[in-house]
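Trainee: Mind having a look at this structure? Questions to follow.
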Amino acid sequence: MAASTSDGGIDEKPEYGPSFWIGLVIGWGIIIWGLRGVLGDPLGTVPPELARWTFGLAVAHDAILAPLVTIIGLALAWILPRRLRGPVLAALAASGIVMLFSWPLLRGYGKRDNNSSKLPHDYVVNVGIVLAVIWGVALVTILVRWRRAARAATLAPVETPLDRADGAP
Amino acid sequence: MTASIGTSPPSPPSPPGPSAPDDPGRFARLPPVRAFDGWRAQALADPRHDQRTAAILGISLGVCFTICFVTGLFSHLQQQPVSWFTVPSQPAGLFRVTQGLHVATGIATVPLLLAKLWSVFPRFFRRPAVTGVAHALERLSLIPLVAGALYQLFSGVINIDLWYPLPFHVITAHYWVAWITIGAMVVHIGAKLTITREALRRPTATLATAATSATANDAVVVDPDAAHTRRRFLTFVGASAAGLTAVTVGQTLAPLSRLALLAPRSPDLGDSGFPVNGTADETGVTAAATDPAWRLQVIGNVATPLSLSLADLQALPQREAVLPIACVEGWSASRAWRGVSLPDLLSRAGAGPDATVTVRSLQKDGGYAMSDLNHPHTHDPDTLLALEADGQVLSLDHGFPVRLIAPNRPGVLQTKWLAVVEVH
């Protein structure tokens, strides 16, 4: 259900039926089982460090990554012409995902001098190829849209006064 | 009347600057709090942030996390056996499929999770923050869900990339945090079941109307073509997931290995043409493995203990089996292995029909210096004490003089540089 909230936005009106309470009991049962496992193996999990990393990742996402992406997205959407917005923002987002995913490969953290099968590729070149494909697709999309729009503009008939229902100039 | 040509004439270009009605910067000139409210209201009216998009991404994530959880549990049960579940030895490629699926799905989940978090991000700032006890419990349960999901993907990716910056055992933590994340997901599903059902059932036009009527902010612009915008966004997310999978899955799907630009392993690169995890030098076994005095001891609950040299093993009847070596890190490679069948060797030593086995390596330390074989694996004729791979004598890094290779088994349990077969 959509409901008005104090800040003028729309949020779902929270509704808590039986499914919520059943899910809550079962879900927290499983969560407690997991927490018990974490605390039951302190040498393996080092709970304070694990907590630092898990919550740290969530905070890093919510306080840094998400606001940064939002601000960059809004700024570029403001700056870019409408026809470029979609493809450029999509290519930028895809590039960000690729860079985030490839970071350990690019840094070569897992490389071993005595074992050529670990990280065997030249990842700088390979990431470059993937990014080139992404931006190539974006460029093609922009060109196709531009061509379509140009063709539509050419084919659009010029409206004359006689075309109008009321015949007014 | 204007003649119809099947295509609407393009709308005139919007005037530049913040005064345009669909200009995302139009809130920038407002005081900060109102600008933020304006941004949030506008974001919530955007089909990429609405309930239907959140529902579709949520269902996709639910499926992916469930696949990862089930396949991960299977891997865990292989490595930490329990009395109530006996891992079968056949089909031979089962672990290869489940673990390949585990890693590939985890990688595909990276863009899905980021898209979902971005999609629901404006809801993070709802006011009032909580509306009651139930709502507080629901929001509290989001902490383990978001933190757990991010940790699972982060630890999974760094683990396949062989990067270990965390000051704890990544896999142990990965296992227990999986339970926490799945539990939080169950809570979330219970909380969002009704909303998800309604969001998927409701026509798109109704969603747009709801957005218009529910907002008190006149500056908010509702996308007249919400379905199209949503479809494009979801197509982008799906393409990102598919693309990331395509450039990595070749580490287990050999036909796609040339496309695997971002895979940390390649099934055909490494010593003898396939990957190596621990090398002989790293594990300190080089001298012992190449010592002519090396013998394989078959001991324990047997009628005739055996002490076999490499020549003795080569003189025994040999069996060949094409089996995958499948690593928990997601890569796998099939090879034609040749060596002595374990059940054959056990019958020569006079082991009983209920025998199970522990194999020990020349490797002194580490979690993989030994492994246990359950009853199905011990008695499967394709469980080999392998001497050759693809017609070549095993290389030192692949376990010379003899290694275990068994069907449906993680690579970490395919113990290399065998020294002892202990029968129970």
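Every chain in the structure tokens has a letter given in the order shown (A, B, ...), and although residue numbers restart at 1 in each chain, ligands are simply numbered from 1 in the order shown.
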With only C-alpha atoms counted and 10 Å as the cut-off, give the residues of stretch 232-318 of chain B in contact with stretch 87-99 of chain A, each with its shortest interatomic distance in Å and the pair that gives it, as CSV.

Mentor:
```
residue,atom,partner,partner_atom,distance
B:Arg232,CA,A:Ala90,CA,9.9
B:Phe233,CA,A:Ala90,CA,8.6
B:Phe236,CA,A:Ala90,CA,7.1
B:Val237,CA,A:Ala94,CA,8.7
B:Ala239,CA,A:Ala94,CA,9.3
B:Ser240,CA,A:Ala94,CA,6.5
B:Ala241,CA,A:Ala94,CA,9.7
B:Gly243,CA,A:Ala94,CA,9.6
B:Leu244,CA,A:Val98,CA,7.6
B:Leu262,CA,A:Val98,CA,9.1
```

Trainee: Let's have the selection written as a PDB file, in the first residue's frame, with all heavy atoms.

Mentor:
```
ATOM      1  N   ARG B 232      13.947  -0.984 -18.713  1.00  0.00           N
ATOM      2  CA  ARG B 232      15.316  -0.659 -19.125  1.00  0.00           C
ATOM      3  C   ARG B 232      16.305  -0.824 -17.967  1.00  0.00           C
ATOM      4  O   ARG B 232      17.407  -1.328 -18.141  1.00  0.00           O
ATOM      5  CB  ARG B 232      15.373   0.773 -19.662  1.00  0.00           C
ATOM      6  CG  ARG B 232      14.898   0.860 -21.095  1.00  0.00           C
ATOM      7  CD  ARG B 232      15.589   1.974 -21.846  1.00  0.00           C
ATOM      8  NE  ARG B 232      15.364   3.255 -21.200  1.00  0.00           N
ATOM      9  CZ  ARG B 232      15.156   4.390 -21.838  1.00  0.00           C
ATOM     10  NH1 ARG B 232      15.107   4.399 -23.139  1.00  0.00           N
ATOM     11  NH2 ARG B 232      14.996   5.518 -21.198  1.00  0.00           N
ATOM     12  N   PHE B 233      15.886  -0.390 -16.781  1.00  0.00           N
ATOM     13  CA  PHE B 233      16.754  -0.512 -15.603  1.00  0.00           C
ATOM     14  C   PHE B 233      17.010  -1.989 -15.277  1.00  0.00           C
ATOM     15  O   PHE B 233      18.155  -2.407 -15.058  1.00  0.00           O
ATOM     16  CB  PHE B 233      16.103   0.196 -14.408  1.00  0.00           C
ATOM     17  CG  PHE B 233      16.834  -0.005 -13.109  1.00  0.00           C
ATOM     18  CD1 PHE B 233      18.124   0.476 -12.943  1.00  0.00           C
ATOM     19  CD2 PHE B 233      16.244  -0.691 -12.052  1.00  0.00           C
ATOM     20  CE1 PHE B 233      18.813   0.283 -11.747  1.00  0.00           C
ATOM     21  CE2 PHE B 233      16.913  -0.883 -10.864  1.00  0.00           C
ATOM     22  CZ  PHE B 233      18.200  -0.394 -10.706  1.00  0.00           C
ATOM     23  N   PHE B 236      19.291  -3.560 -17.702  1.00  0.00           N
ATOM     24  CA  PHE B 236      20.676  -3.183 -17.401  1.00  0.00           C
ATOM     25  C   PHE B 236      21.235  -4.048 -16.266  1.00  0.00           C
ATOM     26  O   PHE B 236      22.354  -4.572 -16.362  1.00  0.00           O
ATOM     27  CB  PHE B 236      20.749  -1.697 -17.021  1.00  0.00           C
ATOM     28  CG  PHE B 236      22.008  -1.347 -16.280  1.00  0.00           C
ATOM     29  CD1 PHE B 236      23.217  -1.260 -16.964  1.00  0.00           C
ATOM     30  CD2 PHE B 236      21.994  -1.142 -14.906  1.00  0.00           C
ATOM     31  CE1 PHE B 236      24.388  -0.966 -16.279  1.00  0.00           C
ATOM     32  CE2 PHE B 236      23.153  -0.853 -14.221  1.00  0.00           C
ATOM     33  CZ  PHE B 236      24.358  -0.766 -14.904  1.00  0.00           C
ATOM     34  N   VAL B 237      20.445  -4.235 -15.217  1.00  0.00           N
ATOM     35  CA  VAL B 237      20.918  -5.031 -14.075  1.00  0.00           C
ATOM     36  C   VAL B 237      21.141  -6.480 -14.516  1.00  0.00           C
ATOM     37  O   VAL B 237      22.180  -7.089 -14.218  1.00  0.00           O
ATOM     38  CB  VAL B 237      19.906  -4.977 -12.899  1.00  0.00           C
ATOM     39  CG1 VAL B 237      20.366  -5.868 -11.758  1.00  0.00           C
ATOM     40  CG2 VAL B 237      19.736  -3.543 -12.401  1.00  0.00           C
ATOM     41  N   ALA B 239      21.707  -7.554 -17.530  1.00  0.00           N
ATOM     42  CA  ALA B 239      22.853  -7.622 -18.457  1.00  0.00           C
ATOM     43  C   ALA B 239      24.170  -7.545 -17.680  1.00  0.00           C
ATOM     44  O   ALA B 239      25.141  -8.223 -18.031  1.00  0.00           O
ATOM     45  CB  ALA B 239      22.761  -6.490 -19.469  1.00  0.00           C
ATOM     46  N   SER B 240      24.201  -6.720 -16.631  1.00  0.00           N
ATOM     47  CA  SER B 240      25.426  -6.630 -15.809  1.00  0.00           C
ATOM     48  C   SER B 240      25.725  -7.974 -15.149  1.00  0.00           C
ATOM     49  O   SER B 240      26.879  -8.424 -15.131  1.00  0.00           O
ATOM     50  CB  SER B 240      25.279  -5.563 -14.726  1.00  0.00           C
ATOM     51  OG  SER B 240      25.030  -4.325 -15.306  1.00  0.00           O
ATOM     52  N   ALA B 241      24.676  -8.600 -14.603  1.00  0.00           N
ATOM     53  CA  ALA B 241      24.866  -9.902 -13.954  1.00  0.00           C
ATOM     54  C   ALA B 241      25.317 -10.949 -14.976  1.00  0.00           C
ATOM     55  O   ALA B 241      26.258 -11.717 -14.729  1.00  0.00           O
ATOM     56  CB  ALA B 241      23.569 -10.340 -13.266  1.00  0.00           C
ATOM     57  N   GLY B 243      26.767 -10.385 -17.859  1.00  0.00           N
ATOM     58  CA  GLY B 243      28.094 -10.032 -18.372  1.00  0.00           C
ATOM     59  C   GLY B 243      29.201 -10.455 -17.424  1.00  0.00           C
ATOM     60  O   GLY B 243      30.210 -11.041 -17.846  1.00  0.00           O
ATOM     61  N   LEU B 244      28.989 -10.175 -16.136  1.00  0.00           N
ATOM     62  CA  LEU B 244      30.006 -10.546 -15.145  1.00  0.00           C
ATOM     63  C   LEU B 244      30.149 -12.074 -15.075  1.00  0.00           C
ATOM     64  O   LEU B 244      31.258 -12.602 -14.919  1.00  0.00           O
ATOM     65  CB  LEU B 244      29.598  -9.977 -13.779  1.00  0.00           C
ATOM     66  CG  LEU B 244      30.701  -9.523 -12.826  1.00  0.00           C
ATOM     67  CD1 LEU B 244      31.686  -8.605 -13.509  1.00  0.00           C
ATOM     68  CD2 LEU B 244      30.112  -8.849 -11.593  1.00  0.00           C
ATOM     69  N   LEU B 262      38.015 -12.100 -16.641  1.00  0.00           N
ATOM     70  CA  LEU B 262      38.159 -11.680 -15.243  1.00  0.00           C
ATOM     71  C   LEU B 262      38.142 -12.871 -14.288  1.00  0.00           C
ATOM     72  O   LEU B 262      37.898 -12.703 -13.090  1.00  0.00           O
ATOM     73  CB  LEU B 262      37.060 -10.675 -14.875  1.00  0.00           C
ATOM     74  CG  LEU B 262      36.983  -9.419 -15.755  1.00  0.00           C
ATOM     75  CD1 LEU B 262      35.930  -8.453 -15.233  1.00  0.00           C
ATOM     76  CD2 LEU B 262      38.334  -8.725 -15.849  1.00  0.00           C
TER      77      LEU B 262
END
```

Trainee: Considering only C-alpha atoms, return as a PDB file with N, CA, C and O atoms, in the first residue's frame whatever protein or nucleic-acid residues lie within 9 Å of B:Trp337, sequence-local ones (same chain, fewer than 6 positions apart) excluded.

Mentor:
```pdb
ATOM      1  N   ARG B 319      43.650 -48.554 -13.458  1.00  0.00           N
ATOM      2  CA  ARG B 319      42.301 -48.186 -13.894  1.00  0.00           C
ATOM      3  C   ARG B 319      42.322 -46.721 -14.330  1.00  0.00           C
ATOM      4  O   ARG B 319      43.013 -45.907 -13.726  1.00  0.00           O
ATOM      5  N   GLU B 320      41.567 -46.447 -15.368  1.00  0.00           N
ATOM      6  CA  GLU B 320      41.514 -45.054 -15.861  1.00  0.00           C
ATOM      7  C   GLU B 320      40.102 -44.511 -15.659  1.00  0.00           C
ATOM      8  O   GLU B 320      39.121 -45.220 -15.882  1.00  0.00           O
ATOM      9  N   ALA B 321      40.022 -43.274 -15.232  1.00  0.00           N
ATOM     10  CA  ALA B 321      38.716 -42.620 -15.065  1.00  0.00           C
ATOM     11  C   ALA B 321      38.856 -41.142 -15.400  1.00  0.00           C
ATOM     12  O   ALA B 321      39.833 -40.514 -15.008  1.00  0.00           O
ATOM     13  N   VAL B 322      37.869 -40.654 -16.161  1.00  0.00           N
ATOM     14  CA  VAL B 322      37.846 -39.204 -16.447  1.00  0.00           C
ATOM     15  C   VAL B 322      37.060 -38.542 -15.325  1.00  0.00           C
ATOM     16  O   VAL B 322      35.859 -38.767 -15.175  1.00  0.00           O
ATOM     17  N   LEU B 323      37.760 -37.774 -14.517  1.00  0.00           N
ATOM     18  CA  LEU B 323      37.127 -37.149 -13.349  1.00  0.00           C
ATOM     19  C   LEU B 323      37.507 -35.677 -13.278  1.00  0.00           C
ATOM     20  O   LEU B 323      38.625 -35.298 -13.647  1.00  0.00           O
ATOM     21  N   LEU B 384      40.648 -43.347  -7.179  1.00  0.00           N
ATOM     22  CA  LEU B 384      41.973 -43.812  -7.618  1.00  0.00           C
ATOM     23  C   LEU B 384      43.092 -43.257  -6.742  1.00  0.00           C
ATOM     24  O   LEU B 384      42.997 -42.138  -6.224  1.00  0.00           O
ATOM     25  N   ALA B 386      46.041 -42.022  -7.915  1.00  0.00           N
ATOM     26  CA  ALA B 386      46.446 -41.704  -9.294  1.00  0.00           C
ATOM     27  C   ALA B 386      47.947 -41.530  -9.421  1.00  0.00           C
ATOM     28  O   ALA B 386      48.588 -40.889  -8.588  1.00  0.00           O
ATOM     29  N   LEU B 387      48.470 -42.093 -10.515  1.00  0.00           N
ATOM     30  CA  LEU B 387      49.895 -41.966 -10.826  1.00  0.00           C
ATOM     31  C   LEU B 387      50.102 -41.097 -12.065  1.00  0.00           C
ATOM     32  O   LEU B 387      51.196 -40.572 -12.283  1.00  0.00           O
ATOM     33  N   GLU B 388      49.042 -40.983 -12.891  1.00  0.00           N
ATOM     34  CA  GLU B 388      49.156 -40.238 -14.154  1.00  0.00           C
ATOM     35  C   GLU B 388      47.915 -39.372 -14.366  1.00  0.00           C
ATOM     36  O   GLU B 388      46.830 -39.702 -13.866  1.00  0.00           O
ATOM     37  N   ALA B 389      48.119 -38.290 -15.108  1.00  0.00           N
ATOM     38  CA  ALA B 389      46.998 -37.463 -15.576  1.00  0.00           C
ATOM     39  C   ALA B 389      47.195 -37.211 -17.058  1.00  0.00           C
ATOM     40  O   ALA B 389      48.283 -36.782 -17.473  1.00  0.00           O
ATOM     41  N   ASP B 390      46.165 -37.501 -17.840  1.00  0.00           N
ATOM     42  CA  ASP B 390      46.236 -37.337 -19.300  1.00  0.00           C
ATOM     43  C   ASP B 390      47.464 -38.024 -19.902  1.00  0.00           C
ATOM     44  O   ASP B 390      48.160 -37.460 -20.762  1.00  0.00           O
ATOM     45  N   GLY B 391      47.758 -39.216 -19.429  1.00  0.00           N
ATOM     46  CA  GLY B 391      48.836 -40.015 -19.999  1.00  0.00           C
ATOM     47  C   GLY B 391      50.231 -39.615 -19.572  1.00  0.00           C
ATOM     48  O   GLY B 391      51.215 -40.194 -20.048  1.00  0.00           O
ATOM     49  N   ILE B 405      42.380 -39.226  -6.169  1.00  0.00           N
ATOM     50  CA  ILE B 405      41.389 -38.534  -7.001  1.00  0.00           C
ATOM     51  C   ILE B 405      40.126 -39.382  -6.957  1.00  0.00           C
ATOM     52  O   ILE B 405      40.145 -40.558  -7.265  1.00  0.00           O
TER      53      ILE B 405
END
```

Trainee: Need to verify the contact set: stretch 109-126 of chain A, 12 Å, only C-alpha atoms, exclusion of same-chain residues closer than 3 positions in sequence. Can you return it as a VMD selection string?

Mentor: (chain A and resid 98 to 99 101 to 106 129 to 133) or (chain B and resid 157 to 165 247 to 248 251 257 to 283 329 331 397 to 398)

Trainee: Based on DSSP run over this structure's backbone, return all residues of stretch 113-358 of chain B in helix (DSSP H, G or I), as a ChimeraX atom specification.

Mentor: /B:113-125,133-160,170-201,204-214,226-246,249-251,254-259,271-273,280-283,286-290,310-315,342-349

Trainee: Pick out the residues sitting within 12 Å of A:Ala51, and hand them over as a list in words; count only C-alpha atoms, and ignore anything fewer than 5 positions along from it in its own chain.

Mentor: Leu35, Val38, Leu39, Pro42, Thr45, Val46, Gly56, Leu57, Ala58 and Val59 of chain A; Ile143, Pro144, Ala147, Gly148, Tyr151, Leu166, Pro167, Phe168, Ala173 and Val177 of chain B

Trainee: Pick out the residues sitting within 6 Å of stretch 187-204 of chain B, and hand them over as a PyMOL selection string; count only C-alpha atoms, and ignore anything fewer than 2 positions along from it in its own chain.

Mentor: (chain A and resi 19-20+23-24+27) or (chain B and resi 51-52+55+184-185+206-207)

Trainee: Would you mind exporting C-alpha atoms of the selected residues as a PDB file, in the first residue's frame?

Mentor:
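Here's the written file part37.pdb:
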```
ATOM      1  CA  SER A  19       3.594 -14.043   7.663  1.00  0.00           C
ATOM      2  CA  PHE A  20       5.732 -11.322   9.280  1.00  0.00           C
ATOM      3  CA  GLY A  23       9.133 -15.116   9.410  1.00  0.00           C
ATOM      4  CA  LEU A  24      10.425 -13.133  12.385  1.00  0.00           C
ATOM      5  CA  GLY A  27      14.366 -16.017  10.787  1.00  0.00           C
TER       6      GLY A  27
ATOM      7  CA  GLN B  51       7.988  -1.317  -4.886  1.00  0.00           C
ATOM      8  CA  ARG B  52       7.680  -3.324  -8.076  1.00  0.00           C
ATOM      9  CA  ALA B  55      10.117  -6.730  -5.455  1.00  0.00           C
ATOM     10  CA  ALA B 184      17.559 -12.248   8.060  1.00  0.00           C
ATOM     11  CA  MET B 185      16.299 -13.007   4.551  1.00  0.00           C
ATOM     12  CA  THR B 206      -1.795   2.368 -10.710  1.00  0.00           C
ATOM     13  CA  LEU B 207       1.687   2.633  -9.233  1.00  0.00           C
TER      14      LEU B 207
END
```

Trainee: Report as a VMD selection string all protein, DNA and RNA residues lying within 9 Å of B:Pro305, evaluated on only C-alpha atoms, omitting residues in the same chain fewer than 5 positions from it.

Mentor: chain B and resid 297 to 300 349 to 350

Trainee: Nearest to chain A: which of B:Arg96, B:Arg127, B:Arg403, B:His424 is it, counting only C-alpha atoms?

Mentor: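 Comparing B:Arg96, B:Arg127, B:Arg403, B:His424 against chain A, the winner is B:Arg127.
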
Trainee: For atom CA of B:Pro407 and atom CA of B:Gly367, quote the distance in Å rounded to one decimal.

Mentor: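 Atom CA of B:Gly367 lies at a distance of 20.5 Å from atom CA of B:Pro407.
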